[in-house]
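Report on one structure; see the data block that follows.
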Amino acid sequence: MPDGQALRRRAEEALNRKGAFGKDYDLDEFEAASRERDSYESLEEVSPEQKQTMMDVGVLPEAEDRSGSLVYMDNAVVHQSSADQGLELIPTLDAMDKYDWLSEYSWKAVPVDKDKYTARAYLENANGYFIRVKAGKKVKFPVQTCMMIDTEKRTQHTHNIIIVEEGASLDIITGCATSSHANESLHLGISEIYVHEGGSLNFSMIHNWGEKTGVRPRTGVELGKNASFVNNYVIMKPAGSVQSFPTCYLNGEGASAKFNSIAISHPGSEIDLGSQVVMNAPGTAAEILSRSITLGGEMIARGKLVGNAKDVRAHLECRSLIMSEEGRTLAIPELEAMYPDVEMTHEAAVGKIAREQVEYLMARGIDEDEAVGMIVRGFLEGSIRGLPESLRKEIDDAVNMANVGH
Amino acid sequence: MLQIEDLHVEVDGKEVLSGVDLEVPAGHTCVLFGPNGSGKSTLLHTIMGFGQYKITKGRILFLGRDITHEPIDERARIGMGIMLQRPPNIVGLRLNDMVEAAGDGHLDTDETAGALNMKSFLERDVNVGFSGGEIKRSELLQLIMQEPCFFLLDEPESGVDMESIDLLGRKIHDLLYDKKGCGWDKGDCSKSALVITHTGRVLDYIDADCAYVIRGGRIMCSGRPRDILRDIQERGYGECIKCRMVKL
Ligand SMILES: Nc1ncnc2c1ncn2[C@@H]1O[C@H](COP(=O)(O)OP(=O)(O)O)[C@@H](O)[C@H]1O
Ligand SMILES: [Mg+2]
């Protein structure tokens, strides 16, 4: 690749560049996790504990009603299977070897020198998953991928590339987790997503990290004409420090993007979630919805909409419940418009659960804890339509387990 | 069934009820008249136990038990149920889920909702975007499923159009006078109710045994519902016969 040298130079220069948000990690404190691991013909072969870890993040070991599966453990692809014509699901490095043209996609939606995390992932020559849906192909069942950190005090880096070609459509469910013996580790996940004209991608993520795990995903999305992208991000369990701020570029006329994030910040957790949509073409639309709760941890909800073209419509909504005296919530909605013909709005609300609602349910004989649970579940899931069943279940379970009524 | 003794209640530091005495005997339906702002809703909400209402003096006895300091859900569990005038919205909670959580499972939700023309509302968020009449029917559906033996109804007819009022009135009648008892085993409980009415229209549908008039946070008089309603209609709240007698 002609520009390989240039990329390397840029990455090396960025190795000490701190992230724009979130606490800084010293990457030298972590060794890279292993690239060599036993692989599995079938996901049924993994240990019962790993199986449970996968199921907890919506990844089904029997892969029933899934068009394909790929599991990335530490820094190795340990399983891959694809059962659908027109759908390609292979390790990213294999895809790079196979397709010369992939250099036009690689490190384009996410700049290699964005910060030290992207730089490190590049310099480590991170593997990951490559998903491509050929033009016109409507993939029936979701593809599932799982990112699992299985070794303590290690860094996992992944570089994922997703390409949905003209008129194709795909659903992806990704589960990210640490196994019980890996806690103080670091995940650096690069995802570059391209949806071409008329294509659609529905991307759902469930996260279940360790209480000390650091998570620094870097995601870039580019949408062509009339393409659509939906991103659901769910994090319900305690996590060390998660900071994510994907950027989506609506480059084709009529493209639309929707980011839904649902988060709970537990005591000791730092959850900094946001998304940015840049509307570069006329007639594009964007929506960012964020629902979060702090149970005592830090919760930051960001959202930024940029109107770079005329006739764009966008709405941003951050709502957060504070359910503990400790903890902190910060909602940062931003709108930026370069044209007068835009319709961009935002709403942000931070507060306690409404006592009137709790008492209303109690007057129906429902005890206080259950009433609070019902209201919180509704708050988290309610306004987001079309949430996949596995995400809904994750939220229900988490609300039950977190015992938010106390 | 219900006895209220010298009840004083503050809302936001302001006294709204100033010594209410009132009784609803077992098996009786009592109505509560009173001008706007006289404390009718405050009284019902206090009986149910809502937290905003601070009891500074007096007590509430329900089924012979002092419930002055019992939590709301406990009052509901021993047989008290309320139909609110302006219930809150709950975004994200489906009416169906609330109704099922309120009931003990032996009444069929779909069937009960169907009889109230509320079936298509079961999938909707509780009270979100409901019209006046729909809110009343939603409240009624919840109450029917909850099966209390003592009903607190706050202006069941307000904000309801003429066509819906007949259905609503008949359903309230069935709920109050259905001899099935209280649905679950509450011993000798027989259904009773305290119904707020501003207009008196609901009297066409219920067999009210007694009436109270509240004014300025005090019960001014009591008597037969029709007599009191006629008085109020003819002379307004200021001058019902008994009140004048008291003044003399
Ligand atoms: N939440 C509240 N905050 C402040 N004042 C209240 C509140 N609720 C009721 N009040 C006051 O208490 C009085 C009685 O109100 P309410 O019981 O609602 O009357 P009614 O139902 O008879 O119309 C009114 O003066 C009203 O303004
Ligand atoms: Mg009232």
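Starting from 1 in every chain, residues are counted up; chains themselves are A, B, ... following the order of the structure tokens, and ligands are numbered from 1 as listed.
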**Request:** For Gly189 (chain A), work out the shell of residues within 9 Å, counting only C-alpha atoms and skipping chain neighbours fewer than 5 positions away, then give it as an MDAnalysis selection string.
**Result:** chainID A and resid 117:118 121 128 156:160 215:219
**Message:** I'd like the neighbourhood of Ala126 (chain A) as a PyMOL selection string, where a residue qualifies if any of its atoms comes within 12 Å (using only C-alpha atoms), though same-chain residues fewer than 5 positions away should be ignored.
**Reply:** chain A and resi 32-35+72+74-77+91-94+96+106-107+117-121+155-161+187-191
Just to be explicit: take each residue in the selection above, keep C-alpha atoms, and write the result as a PDB file, in the first residue's frame.
```pdb
ATOM      1  CA  ALA A  32      -0.925  -6.753  24.423  1.00  0.00           C
ATOM      2  CA  ALA A  33      -3.137  -9.775  24.919  1.00  0.00           C
ATOM      3  CA  SER A  34      -2.210 -12.925  23.026  1.00  0.00           C
ATOM      4  CA  ARG A  35      -2.793 -13.245  19.289  1.00  0.00           C
ATOM      5  CA  TYR A  72     -12.575 -12.401  19.007  1.00  0.00           C
ATOM      6  CA  ASP A  74      -8.001 -11.476  23.556  1.00  0.00           C
ATOM      7  CA  ASN A  75      -6.392 -10.628  20.207  1.00  0.00           C
ATOM      8  CA  ALA A  76      -7.315 -13.715  18.230  1.00  0.00           C
ATOM      9  CA  VAL A  77     -10.257 -14.669  16.076  1.00  0.00           C
ATOM     10  CA  PRO A  91     -11.017 -11.671  10.073  1.00  0.00           C
ATOM     11  CA  THR A  92     -10.022  -8.146   9.038  1.00  0.00           C
ATOM     12  CA  LEU A  93      -6.393  -9.068   8.299  1.00  0.00           C
ATOM     13  CA  ASP A  94      -7.546 -11.892   6.011  1.00  0.00           C
ATOM     14  CA  MET A  96      -6.875  -6.992   3.798  1.00  0.00           C
ATOM     15  CA  SER A 106      -9.267   1.073   6.164  1.00  0.00           C
ATOM     16  CA  TRP A 107      -8.440   3.972   8.521  1.00  0.00           C
ATOM     17  CA  TYR A 117      -5.753   4.537  21.223  1.00  0.00           C
ATOM     18  CA  THR A 118      -6.275   4.574  17.468  1.00  0.00           C
ATOM     19  CA  ALA A 119      -2.521   4.907  16.998  1.00  0.00           C
ATOM     20  CA  ARG A 120      -1.817   1.911  19.203  1.00  0.00           C
ATOM     21  CA  ALA A 121      -4.418  -0.239  17.468  1.00  0.00           C
ATOM     22  CA  THR A 155      -4.878  -4.789  26.014  1.00  0.00           C
ATOM     23  CA  GLN A 156      -7.304  -6.012  23.429  1.00  0.00           C
ATOM     24  CA  HIS A 157      -7.214  -4.130  20.149  1.00  0.00           C
ATOM     25  CA  THR A 158      -9.538  -4.770  17.310  1.00  0.00           C
ATOM     26  CA  HIS A 159     -10.076  -3.227  13.950  1.00  0.00           C
ATOM     27  CA  ASN A 160     -13.485  -3.938  12.500  1.00  0.00           C
ATOM     28  CA  ILE A 161     -14.674  -2.920   9.067  1.00  0.00           C
ATOM     29  CA  HIS A 187     -10.218  -2.607  25.174  1.00  0.00           C
ATOM     30  CA  LEU A 188      -9.313  -0.477  22.150  1.00  0.00           C
ATOM     31  CA  GLY A 189     -11.892  -1.127  19.485  1.00  0.00           C
ATOM     32  CA  ILE A 190     -11.754   0.553  16.115  1.00  0.00           C
ATOM     33  CA  SER A 191     -14.875   0.203  13.996  1.00  0.00           C
TER      34      SER A 191
END
```
**Message:** Let me see if you get this right: every residue at most 8 Å from ligand 2, counting only C-alpha atoms and all ligand atoms, written as a ChimeraX atom specification.
**Reply:** /B:36-37,39-42,85,154-155
**Contacts of Asp26 (chain A) within 12 Å, only C-alpha atoms, excl. fewer than 3 positions in-chain, as an MDAnalysis selection string** = chainID A and resid 15:19 23 29:31 116:117 120 155 185:186 214
I need the contact residues of chain B against chain A, so if you could list those with any atom within 7 Å, counting only C-alpha atoms, and return them as an mmCIF file with all heavy atoms, in the first residue's frame, that would help.
```cif
data_model
loop_
_atom_site.group_PDB
_atom_site.id
_atom_site.type_symbol
_atom_site.label_atom_id
_atom_site.label_comp_id
_atom_site.auth_asym_id
_atom_site.auth_seq_id
_atom_site.Cartn_x
_atom_site.Cartn_y
_atom_site.Cartn_z
ATOM 1 N N PHE B 50 -50.978 9.368 49.928
ATOM 2 C CA PHE B 50 -49.950 10.001 49.094
ATOM 3 C C PHE B 50 -49.051 10.923 49.923
ATOM 4 O O PHE B 50 -49.515 11.643 50.814
ATOM 5 C CB PHE B 50 -50.594 10.775 47.934
ATOM 6 C CG PHE B 50 -51.239 9.852 46.918
ATOM 7 C CD1 PHE B 50 -52.533 10.061 46.464
ATOM 8 C CD2 PHE B 50 -50.535 8.750 46.422
ATOM 9 C CE1 PHE B 50 -53.121 9.205 45.533
ATOM 10 C CE2 PHE B 50 -51.109 7.889 45.492
ATOM 11 C CZ PHE B 50 -52.409 8.113 45.053
ATOM 12 N N ILE B 72 -48.784 3.574 51.219
ATOM 13 C CA ILE B 72 -49.827 3.508 50.197
ATOM 14 C C ILE B 72 -50.123 2.077 49.758
ATOM 15 O O ILE B 72 -51.278 1.657 49.678
ATOM 16 C CB ILE B 72 -49.385 4.290 48.935
ATOM 17 C CG1 ILE B 72 -48.998 5.716 49.300
ATOM 18 C CG2 ILE B 72 -50.481 4.285 47.875
ATOM 19 C CD1 ILE B 72 -48.210 6.405 48.202
ATOM 20 N N ASP B 73 -49.059 1.333 49.448
ATOM 21 C CA ASP B 73 -49.276 -0.007 48.892
ATOM 22 C C ASP B 73 -49.930 -0.929 49.913
ATOM 23 O O ASP B 73 -50.700 -1.809 49.549
ATOM 24 C CB ASP B 73 -47.971 -0.601 48.334
ATOM 25 C CG ASP B 73 -46.837 -0.594 49.333
ATOM 26 O OD1 ASP B 73 -46.764 0.333 50.160
ATOM 27 O OD2 ASP B 73 -46.006 -1.521 49.284
ATOM 28 N N GLU B 74 -49.651 -0.681 51.210
ATOM 29 C CA GLU B 74 -50.297 -1.498 52.231
ATOM 30 C C GLU B 74 -51.804 -1.196 52.254
ATOM 31 O O GLU B 74 -52.633 -2.094 52.344
ATOM 32 C CB GLU B 74 -49.653 -1.227 53.598
ATOM 33 C CG GLU B 74 -50.272 -1.959 54.775
ATOM 34 C CD GLU B 74 -50.222 -3.477 54.662
ATOM 35 O OE1 GLU B 74 -49.458 -3.992 53.819
ATOM 36 O OE2 GLU B 74 -50.973 -4.154 55.400
ATOM 37 N N ALA B 76 -53.542 -0.241 49.776
ATOM 38 C CA ALA B 76 -54.114 -0.873 48.582
ATOM 39 C C ALA B 76 -54.293 -2.364 48.824
ATOM 40 O O ALA B 76 -55.304 -2.948 48.445
ATOM 41 C CB ALA B 76 -53.205 -0.628 47.372
ATOM 42 N N ARG B 77 -53.303 -2.963 49.476
ATOM 43 C CA ARG B 77 -53.376 -4.415 49.668
ATOM 44 C C ARG B 77 -54.502 -4.824 50.597
ATOM 45 O O ARG B 77 -55.063 -5.906 50.453
ATOM 46 C CB ARG B 77 -52.040 -4.949 50.191
ATOM 47 C CG ARG B 77 -51.100 -5.335 49.059
ATOM 48 C CD ARG B 77 -49.917 -6.127 49.580
ATOM 49 N NE ARG B 77 -49.072 -5.299 50.411
ATOM 50 C CZ ARG B 77 -48.108 -4.512 49.927
ATOM 51 N NH1 ARG B 77 -47.842 -4.515 48.642
ATOM 52 N NH2 ARG B 77 -47.391 -3.760 50.728
ATOM 53 N N GLY B 81 -58.880 1.397 47.017
ATOM 54 C CA GLY B 81 -58.517 1.704 45.635
ATOM 55 C C GLY B 81 -58.986 3.102 45.265
ATOM 56 O O GLY B 81 -60.029 3.558 45.740
ATOM 57 N N PRO B 88 -50.832 10.676 36.735
ATOM 58 C CA PRO B 88 -49.633 11.024 35.952
ATOM 59 C C PRO B 88 -49.475 10.126 34.721
ATOM 60 O O PRO B 88 -50.045 9.039 34.664
ATOM 61 C CB PRO B 88 -48.483 10.774 36.930
ATOM 62 C CG PRO B 88 -49.003 9.776 37.900
ATOM 63 C CD PRO B 88 -50.494 9.990 37.988
ATOM 64 N N ILE B 90 -46.957 7.740 32.505
ATOM 65 C CA ILE B 90 -45.702 7.010 32.720
ATOM 66 C C ILE B 90 -45.176 6.560 31.362
ATOM 67 O O ILE B 90 -45.642 5.578 30.787
ATOM 68 C CB ILE B 90 -45.877 5.816 33.670
ATOM 69 C CG1 ILE B 90 -46.532 6.272 34.977
ATOM 70 C CG2 ILE B 90 -44.508 5.172 33.938
ATOM 71 C CD1 ILE B 90 -46.693 5.189 36.020
ATOM 72 N N VAL B 91 -44.210 7.293 30.854
ATOM 73 C CA VAL B 91 -43.640 6.975 29.544
ATOM 74 C C VAL B 91 -42.885 5.658 29.639
ATOM 75 O O VAL B 91 -42.121 5.440 30.576
ATOM 76 C CB VAL B 91 -42.690 8.105 29.084
ATOM 77 C CG1 VAL B 91 -41.950 7.705 27.821
ATOM 78 C CG2 VAL B 91 -43.472 9.379 28.848
ATOM 79 N N GLY B 92 -43.146 4.786 28.678
ATOM 80 C CA GLY B 92 -42.398 3.531 28.618
ATOM 81 C C GLY B 92 -43.055 2.376 29.341
ATOM 82 O O GLY B 92 -42.668 1.235 29.164
ATOM 83 N N LEU B 93 -44.058 2.660 30.160
ATOM 84 C CA LEU B 93 -44.760 1.570 30.835
ATOM 85 C C LEU B 93 -46.081 1.331 30.115
ATOM 86 O O LEU B 93 -46.919 2.224 30.020
ATOM 87 C CB LEU B 93 -45.013 1.924 32.308
ATOM 88 C CG LEU B 93 -45.792 0.887 33.120
ATOM 89 C CD1 LEU B 93 -45.035 -0.433 33.212
ATOM 90 C CD2 LEU B 93 -46.090 1.410 34.521
ATOM 91 N N ALA B 101 -49.929 -5.949 36.805
ATOM 92 C CA ALA B 101 -49.248 -5.873 38.101
ATOM 93 C C ALA B 101 -50.235 -5.495 39.205
ATOM 94 O O ALA B 101 -50.062 -5.858 40.360
ATOM 95 C CB ALA B 101 -48.102 -4.864 38.047
ATOM 96 N N ALA B 102 -51.293 -4.766 38.833
ATOM 97 C CA ALA B 102 -52.286 -4.347 39.824
ATOM 98 C C ALA B 102 -53.200 -5.502 40.215
ATOM 99 O O ALA B 102 -53.669 -5.590 41.340
ATOM 100 C CB ALA B 102 -53.109 -3.181 39.282
ATOM 101 N N GLN B 146 -57.801 -4.411 40.022
ATOM 102 C CA GLN B 146 -57.238 -4.376 41.375
ATOM 103 C C GLN B 146 -58.211 -4.968 42.403
ATOM 104 O O GLN B 146 -57.785 -5.485 43.426
ATOM 105 C CB GLN B 146 -56.922 -2.909 41.704
ATOM 106 C CG GLN B 146 -56.169 -2.675 42.996
ATOM 107 C CD GLN B 146 -56.024 -1.174 43.277
ATOM 108 O OE1 GLN B 146 -56.298 -0.332 42.420
ATOM 109 N NE2 GLN B 146 -55.610 -0.850 44.492
#
```
**Request:** Enumerate the residues of region 159-236 of chain B with a DSSP assignment of strand (DSSP E or B), computed from the backbone, and present them as JSON, numbers by chain.
**Result:** {"B": [192, 193, 194, 195, 196, 210, 211, 212, 213, 214, 215, 218, 219, 220, 221, 222, 223]}
**Request:** Write out as an MDAnalysis selection string the residues lying within 12 Å of His173 (chain B), counting only C-alpha atoms and excluding same-chain residues fewer than 3 positions away.
**Result:** chainID B and resid 29 140 144 151 156 165:170 176:179 191:193 195 202:208
**Request:** Produce as a PyMOL selection string the set of residues near ligand 1, where near means within 9 Å with only C-alpha atoms and all ligand atoms considered.
**Result:** chain B and resi 10-17+33-45+52-53+85+154-155+196+198+214-217
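If you count only C-alpha atoms and ignore residues fewer than 4 places along the chain from Leu194 (chain B), what sits within 10 Å of it is B:Leu2, B:Glu23, B:Val24, B:His28, B:Thr29, B:Cys30, B:Val31, B:Leu32, B:Leu44, B:Ile82, B:Phe150, B:Phe151, B:Leu152, B:Leu153, B:Asp154, B:Ala208, B:Cys210, B:Ala211, B:Tyr212.
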What does the file look like for those residues with N, CA and C atoms, as a PDB file, in the first residue's frame?
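Output below, filename result_19.pdb:
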```
ATOM      1  N   LEU B   2     -64.735   3.102  56.905  1.00  0.00           N
ATOM      2  CA  LEU B   2     -63.758   4.199  57.013  1.00  0.00           C
ATOM      3  C   LEU B   2     -64.245   5.221  58.040  1.00  0.00           C
ATOM      4  N   GLU B  23     -67.474   9.648  58.081  1.00  0.00           N
ATOM      5  CA  GLU B  23     -67.555   8.192  58.203  1.00  0.00           C
ATOM      6  C   GLU B  23     -68.206   7.603  56.961  1.00  0.00           C
ATOM      7  N   VAL B  24     -67.676   6.490  56.512  1.00  0.00           N
ATOM      8  CA  VAL B  24     -68.341   5.717  55.456  1.00  0.00           C
ATOM      9  C   VAL B  24     -68.615   4.338  56.044  1.00  0.00           C
ATOM     10  N   HIS B  28     -71.849   1.147  52.402  1.00  0.00           N
ATOM     11  CA  HIS B  28     -72.448   2.415  51.980  1.00  0.00           C
ATOM     12  C   HIS B  28     -71.637   3.110  50.899  1.00  0.00           C
ATOM     13  N   THR B  29     -72.350   3.881  50.093  1.00  0.00           N
ATOM     14  CA  THR B  29     -71.699   4.784  49.151  1.00  0.00           C
ATOM     15  C   THR B  29     -71.974   6.207  49.621  1.00  0.00           C
ATOM     16  N   CYS B  30     -70.916   6.937  49.888  1.00  0.00           N
ATOM     17  CA  CYS B  30     -71.093   8.327  50.298  1.00  0.00           C
ATOM     18  C   CYS B  30     -70.529   9.237  49.226  1.00  0.00           C
ATOM     19  N   VAL B  31     -71.193  10.365  49.014  1.00  0.00           N
ATOM     20  CA  VAL B  31     -70.652  11.327  48.061  1.00  0.00           C
ATOM     21  C   VAL B  31     -70.161  12.552  48.816  1.00  0.00           C
ATOM     22  N   LEU B  32     -69.180  13.204  48.178  1.00  0.00           N
ATOM     23  CA  LEU B  32     -68.572  14.378  48.786  1.00  0.00           C
ATOM     24  C   LEU B  32     -68.724  15.537  47.817  1.00  0.00           C
ATOM     25  N   LEU B  44     -59.206  12.818  49.597  1.00  0.00           N
ATOM     26  CA  LEU B  44     -59.080  11.480  49.012  1.00  0.00           C
ATOM     27  C   LEU B  44     -57.627  11.029  48.942  1.00  0.00           C
ATOM     28  N   ILE B  82     -58.226   3.780  44.418  1.00  0.00           N
ATOM     29  CA  ILE B  82     -58.563   5.167  44.080  1.00  0.00           C
ATOM     30  C   ILE B  82     -58.636   5.367  42.573  1.00  0.00           C
ATOM     31  N   PHE B 150     -62.989  -0.932  48.949  1.00  0.00           N
ATOM     32  CA  PHE B 150     -63.358   0.440  49.276  1.00  0.00           C
ATOM     33  C   PHE B 150     -62.838   1.350  48.170  1.00  0.00           C
ATOM     34  N   PHE B 151     -63.769   2.110  47.588  1.00  0.00           N
ATOM     35  CA  PHE B 151     -63.436   2.889  46.390  1.00  0.00           C
ATOM     36  C   PHE B 151     -63.401   4.381  46.692  1.00  0.00           C
ATOM     37  N   LEU B 152     -62.334   5.009  46.269  1.00  0.00           N
ATOM     38  CA  LEU B 152     -62.241   6.461  46.349  1.00  0.00           C
ATOM     39  C   LEU B 152     -62.288   6.964  44.911  1.00  0.00           C
ATOM     40  N   LEU B 153     -63.366   7.633  44.531  1.00  0.00           N
ATOM     41  CA  LEU B 153     -63.490   8.083  43.142  1.00  0.00           C
ATOM     42  C   LEU B 153     -63.487   9.609  43.116  1.00  0.00           C
ATOM     43  N   ASP B 154     -62.517  10.172  42.401  1.00  0.00           N
ATOM     44  CA  ASP B 154     -62.389  11.626  42.367  1.00  0.00           C
ATOM     45  C   ASP B 154     -62.969  12.171  41.063  1.00  0.00           C
ATOM     46  N   ALA B 208     -76.322   6.348  46.070  1.00  0.00           N
ATOM     47  CA  ALA B 208     -75.593   6.969  47.170  1.00  0.00           C
ATOM     48  C   ALA B 208     -76.455   6.964  48.423  1.00  0.00           C
ATOM     49  N   CYS B 210     -75.336   8.513  51.465  1.00  0.00           N
ATOM     50  CA  CYS B 210     -75.138   9.701  52.285  1.00  0.00           C
ATOM     51  C   CYS B 210     -74.285  10.706  51.536  1.00  0.00           C
ATOM     52  N   ALA B 211     -74.330  11.939  51.954  1.00  0.00           N
ATOM     53  CA  ALA B 211     -73.533  12.968  51.297  1.00  0.00           C
ATOM     54  C   ALA B 211     -72.916  13.886  52.341  1.00  0.00           C
ATOM     55  N   TYR B 212     -71.732  14.363  52.007  1.00  0.00           N
ATOM     56  CA  TYR B 212     -71.057  15.355  52.840  1.00  0.00           C
ATOM     57  C   TYR B 212     -70.762  16.567  51.977  1.00  0.00           C
TER      58      TYR B 212
END
```
Within 10 Å of Pro87 (chain B), counting only C-alpha atoms, which residues show up once you throw out same-chain ones fewer than 4 positions away? Write them as a tab-separated table (two decimals) with N, CA and C atoms, in the first residue's frame, please.
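Saved to part.tsv:
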```tsv
chain	number	residue	atom	x	y	z
A	356	GLU	N	-44.53	11.07	42.16
A	356	GLU	CA	-45.95	10.93	41.83
A	356	GLU	C	-46.21	9.64	41.05
A	357	GLN	N	-45.28	9.28	40.16
A	357	GLN	CA	-45.44	8.04	39.39
A	357	GLN	C	-45.31	6.81	40.29
A	360	TYR	N	-48.40	6.45	42.38
A	360	TYR	CA	-49.53	6.03	41.55
A	360	TYR	C	-49.54	4.50	41.43
B	83	MET	N	-59.57	6.21	42.16
B	83	MET	CA	-59.64	6.64	40.77
B	83	MET	C	-59.27	8.12	40.79
B	126	VAL	N	-48.88	4.25	29.74
B	126	VAL	CA	-49.93	4.61	30.69
B	126	VAL	C	-50.25	6.12	30.62
B	127	ASN	N	-51.49	6.39	30.22
B	127	ASN	CA	-52.05	7.75	30.18
B	127	ASN	C	-51.41	8.71	29.18
B	135	ILE	N	-58.73	8.58	29.98
B	135	ILE	CA	-58.07	8.51	31.29
B	135	ILE	C	-59.00	7.89	32.32
B	136	LYS	N	-60.28	8.30	32.27
B	136	LYS	CA	-61.24	7.75	33.23
B	136	LYS	C	-61.40	6.25	33.03
B	138	SER	N	-59.25	4.24	31.68
B	138	SER	CA	-58.00	3.59	32.07
B	138	SER	C	-57.95	3.41	33.59
B	139	GLU	N	-58.36	4.44	34.31
B	139	GLU	CA	-58.41	4.35	35.77
B	139	GLU	C	-59.38	3.27	36.22
```
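The interatomic distance for the pair CA of Arg8 (chain A) and CA of Glu104 (chain A) works out to 15.8 Å.
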**Prompt:** In Å, with one decimal, what is the gap from CA of His181 (chain A) to CA of Lys212 (chain A)?
**Reply:** 11.6 Å
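The list of residues with at least one atom within 8 Å of Leu116 (chain B), based on only C-alpha atoms and without residues fewer than 5 positions apart in the same chain, reads Arg137, Leu141, Leu167 and Lys171 of chain B.
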Now that the selection is made, can you save its residues with all heavy atoms as a short mmCIF file (atom, residue, chain, number, x, y, z; two decimals), in the first residue's frame?
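After the write, out20.cif holds the following:
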```
data_model
loop_
_atom_site.label_atom_id
_atom_site.label_comp_id
_atom_site.auth_asym_id
_atom_site.auth_seq_id
_atom_site.Cartn_x
_atom_site.Cartn_y
_atom_site.Cartn_z
N ARG B 137 -61.47 5.84 31.77
CA ARG B 137 -61.66 4.40 31.51
C ARG B 137 -60.40 3.62 31.87
O ARG B 137 -60.49 2.48 32.33
CB ARG B 137 -62.07 4.19 30.05
CG ARG B 137 -63.55 4.54 29.83
CD ARG B 137 -64.00 4.25 28.43
NE ARG B 137 -63.55 5.29 27.52
CZ ARG B 137 -63.16 5.06 26.26
NH1 ARG B 137 -63.18 3.86 25.77
NH2 ARG B 137 -62.75 6.05 25.51
N LEU B 141 -60.40 0.67 34.49
CA LEU B 141 -59.84 -0.64 34.16
C LEU B 141 -58.86 -1.10 35.25
O LEU B 141 -58.91 -2.24 35.72
CB LEU B 141 -59.12 -0.55 32.80
CG LEU B 141 -58.26 -1.74 32.40
CD1 LEU B 141 -59.12 -3.00 32.26
CD2 LEU B 141 -57.54 -1.46 31.07
N LEU B 167 -71.50 4.81 29.54
CA LEU B 167 -70.70 3.60 29.71
C LEU B 167 -69.96 3.65 31.05
O LEU B 167 -69.99 2.69 31.84
CB LEU B 167 -69.69 3.47 28.57
CG LEU B 167 -68.64 2.36 28.73
CD1 LEU B 167 -69.28 0.98 28.59
CD2 LEU B 167 -67.51 2.51 27.71
N LYS B 171 -70.47 1.20 34.26
CA LYS B 171 -69.34 0.38 34.74
C LYS B 171 -69.03 0.66 36.21
O LYS B 171 -68.69 -0.24 36.97
CB LYS B 171 -68.09 0.63 33.89
CG LYS B 171 -68.20 0.04 32.50
CD LYS B 171 -68.24 -1.47 32.58
CE LYS B 171 -68.66 -2.05 31.24
NZ LYS B 171 -68.94 -3.50 31.33
#
```
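Atom pair CA of Arg328 (chain A) / CA of Leu289 (chain A) has a distance of 19.5 Å (rounded to one decimal).
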Alpha helix (DSSP H) positions in region 264-381 of chain A, given as a PDB file with C-alpha atoms, in the first residue's frame:
```
ATOM      1  CA  ARG A 355     -42.450  10.443  43.208  1.00  0.00           C
ATOM      2  CA  GLU A 356     -45.949  10.933  41.828  1.00  0.00           C
ATOM      3  CA  GLN A 357     -45.439   8.041  39.389  1.00  0.00           C
ATOM      4  CA  VAL A 358     -44.127   5.726  42.089  1.00  0.00           C
ATOM      5  CA  GLU A 359     -47.056   6.502  44.372  1.00  0.00           C
ATOM      6  CA  TYR A 360     -49.528   6.028  41.548  1.00  0.00           C
ATOM      7  CA  LEU A 361     -48.311   2.461  41.061  1.00  0.00           C
ATOM      8  CA  MET A 362     -48.203   1.877  44.825  1.00  0.00           C
ATOM      9  CA  GLU A 368     -42.319   0.474  46.115  1.00  0.00           C
ATOM     10  CA  ASP A 369     -39.304  -1.418  44.759  1.00  0.00           C
ATOM     11  CA  GLU A 370     -41.326  -3.012  42.024  1.00  0.00           C
ATOM     12  CA  ALA A 371     -42.920   0.319  41.149  1.00  0.00           C
ATOM     13  CA  VAL A 372     -39.528   1.974  40.829  1.00  0.00           C
ATOM     14  CA  GLY A 373     -38.298  -0.941  38.704  1.00  0.00           C
ATOM     15  CA  MET A 374     -41.269  -0.647  36.346  1.00  0.00           C
ATOM     16  CA  ILE A 375     -40.759   3.091  35.928  1.00  0.00           C
ATOM     17  CA  VAL A 376     -37.021   2.752  35.408  1.00  0.00           C
ATOM     18  CA  ARG A 377     -37.442  -0.002  32.814  1.00  0.00           C
ATOM     19  CA  GLY A 378     -39.949   2.167  30.979  1.00  0.00           C
ATOM     20  CA  PHE A 379     -37.623   5.137  31.185  1.00  0.00           C
ATOM     21  CA  LEU A 380     -34.738   3.182  29.704  1.00  0.00           C
ATOM     22  CA  GLU A 381     -36.501   1.241  26.954  1.00  0.00           C
TER      23      GLU A 381
END
```
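You can rank A:Val110, A:Ala177, A:Ile193, A:Val230 by their closest distance to Arg132 (chain A) using only C-alpha atoms, and at the top of that list sits A:Ile193.
Nearest to Glu336 (chain A) of all the residues A:Asn183, A:Val312, A:Gly296, A:Asn226 is A:Val312, based on only C-alpha atoms.
Closest approach to Gly252 (chain A) among A:Ala285, A:Ile271, A:Met236, A:Met299: A:Ala285, based on only C-alpha atoms.
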